[in-house]
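**Q** Sharing a structure, written as structure tokens. Questions coming.
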Amino acid sequence: MGRPLIVFLLIGIFAATAASAAEEAAPARASVLAPSSIPLPEARAIIEGAIAFARSQNMRMAVAVLDDGGYTVSVDRMDGTSFNSVNQAIGKAFTSVLYRRPSAELAELVKTAPDRFHGIMNLWPGKVYIVSGGLPLVVDGKLVGAVGISGLPPGVDEKASKAGLAAWEKYKQSKK
């Protein structure tokens with residue numbers, strides 16, 4: 001009776017040792033998430049700069065910063081801003097990411113190339129908002145994302161976007 005017990009114990013020890021070795025040899029899993037093309041602190045600097053501009057004008061707005069894939073990095077809606085301004089800000093930023101230019105330039109398509117304007121709207125339903133207020137974010141000639149502003153009068157939203165870009169540049173300089 002002692003012999004089968006010893007064999008059973010030896011098999012158990014061998015199996016445990018083999019499993020342990022297999023676990024040690026398994027490669028580490030790669031992270032599922034890729035880093036954003038624009039870090040959160042930089043997105044927050046853009047947002048804070050745009051909000052400071054709106055406050056200086058005694059106005060309210062929503063602001064969104066997207067990465068180069070059109071995914072949200074950060075969004076803010078100032079108190080008293082319409083709930084739909086967030087979606088509009090995201091749509092303006094998405095438009096700028098997608099076409100790598102200010103959303104206001106694409107708004108001209110409704111006058112100059114209505115078929116193209118409607119084609120874009122149909123291709124990206126509910127995602128693009130082709131009006132002024134979205135600006136691409138570029139570093140060393142490479143698109144890293146976009147900012148979108150909504151809730152301000154026409155033309156003023158783009159000024160708020162530019163104030164956000166100026167704050168972003170100041171932030172990046174402070175980190176060098």
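Ordering of the structure tokens sets the chain letters (A, B, ...); residue numbers start at 1 within each chain; ligands are numbered from 1 in the order shown.
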Find the residues near range 79-96 of chain A: any atom within 9 Å, counting only C-alpha atoms, skip ones fewer than 3 places away on the same chain, and give them as a PyMOL selection string.
**A** chain A and resi 60-66+69-72+75-76+99-104+106+126-137+145-151
**Q** Using DSSP on the backbone coordinates, identify all residues within range 131-169 of chain A classified as strand (DSSP E or B); present the result as a compact mmCIF listing (two decimals) with C-alpha atoms, in the first residue's frame.
**A**
```txt
# COMPACT_ATOMS: atom_id res chain seq x y z
CA GLY A 134 -13.32 72.71 -34.02
CA LEU A 135 -9.56 72.98 -34.51
CA PRO A 136 -7.00 70.23 -35.13
CA LEU A 137 -4.16 69.75 -32.63
CA VAL A 138 -0.81 69.36 -34.36
CA VAL A 139 2.64 68.62 -32.95
CA LYS A 142 1.54 65.42 -36.94
CA LEU A 143 -2.13 65.40 -35.99
CA VAL A 144 -2.54 64.41 -32.33
CA GLY A 145 -6.20 65.31 -31.87
CA ALA A 146 -8.65 68.19 -31.93
CA VAL A 147 -10.52 70.59 -29.71
CA GLY A 148 -14.18 71.48 -30.16
CA ILE A 149 -16.17 74.28 -28.52
CA SER A 150 -19.93 74.74 -28.49
```
**Q** Could you give me, as a ChimeraX atom specification, each residue of range 36-164 of chain A that DSSP assigns to alpha helix (DSSP H) when run on this structure's backbone?
**A** /A:40-56,84-99,103-107,109-112,114-123,156-164
**Q** Between A:Pro153, A:Ala163, A:Ala113, A:Pro35, which is the closest to Ile51 in chain A once you count only C-alpha atoms?
**A**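 Of A:Pro153, A:Ala163, A:Ala113, A:Pro35, the one nearest Ile51 in chain A, counting only C-alpha atoms, is A:Ala163.
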**Q** When distances are computed from only C-alpha atoms, which of A:Lys111, A:His118, A:Arg29, A:Arg44 shows the smallest separation from Ser74 in chain A?
**A**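 Comparing A:Lys111, A:His118, A:Arg29, A:Arg44 against Ser74 in chain A, the winner is A:Arg44.
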**Q** Which is closest to Glu48 in chain A among A:Met78, A:Ser36, A:Pro125, A:Thr112, if we use only C-alpha atoms?
**A**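 Smallest separation from Glu48 in chain A among the options: A:Met78.
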**Q** Please list as a PDB file with C-alpha atoms, in the first residue's frame every residue within 12 Å of Gln57 in chain A, counting only C-alpha atoms and excluding residues in the same chain fewer than 2 positions away.
**A**
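Result file selection.pdb:
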```pdb
ATOM      1  CA  ALA A  50     -10.769  77.757 -23.353  1.00  0.00           C
ATOM      2  CA  ILE A  51     -12.835  78.030 -20.175  1.00  0.00           C
ATOM      3  CA  ALA A  52     -10.738  80.997 -19.005  1.00  0.00           C
ATOM      4  CA  PHE A  53     -11.495  82.705 -22.316  1.00  0.00           C
ATOM      5  CA  ALA A  54     -15.241  82.052 -21.981  1.00  0.00           C
ATOM      6  CA  ARG A  55     -15.240  83.346 -18.408  1.00  0.00           C
ATOM      7  CA  MET A  59     -20.064  83.336 -21.456  1.00  0.00           C
ATOM      8  CA  ARG A  60     -20.678  79.614 -20.994  1.00  0.00           C
ATOM      9  CA  MET A  61     -19.748  76.705 -23.223  1.00  0.00           C
ATOM     10  CA  LEU A 152     -20.775  80.399 -27.849  1.00  0.00           C
ATOM     11  CA  PRO A 153     -21.916  82.762 -30.615  1.00  0.00           C
ATOM     12  CA  VAL A 156     -16.497  83.197 -30.782  1.00  0.00           C
ATOM     13  CA  ASP A 157     -16.281  79.435 -30.298  1.00  0.00           C
ATOM     14  CA  LYS A 159     -11.637  82.122 -30.579  1.00  0.00           C
ATOM     15  CA  ALA A 160     -12.148  80.002 -27.456  1.00  0.00           C
TER      16      ALA A 160
END
```
**Q** Figure out the distance between CA of Trp168 in chain A and CA of Glu42 in chain A, please, to one decimal in Å.
**A** 6.2 Å
**Q** Using Å and a single decimal, report how far CA of Leu98 in chain A sits from CA of Ile38 in chain A.
**A**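 Separation between CA of Ile38 in chain A and CA of Leu98 in chain A: 15.7 Å.
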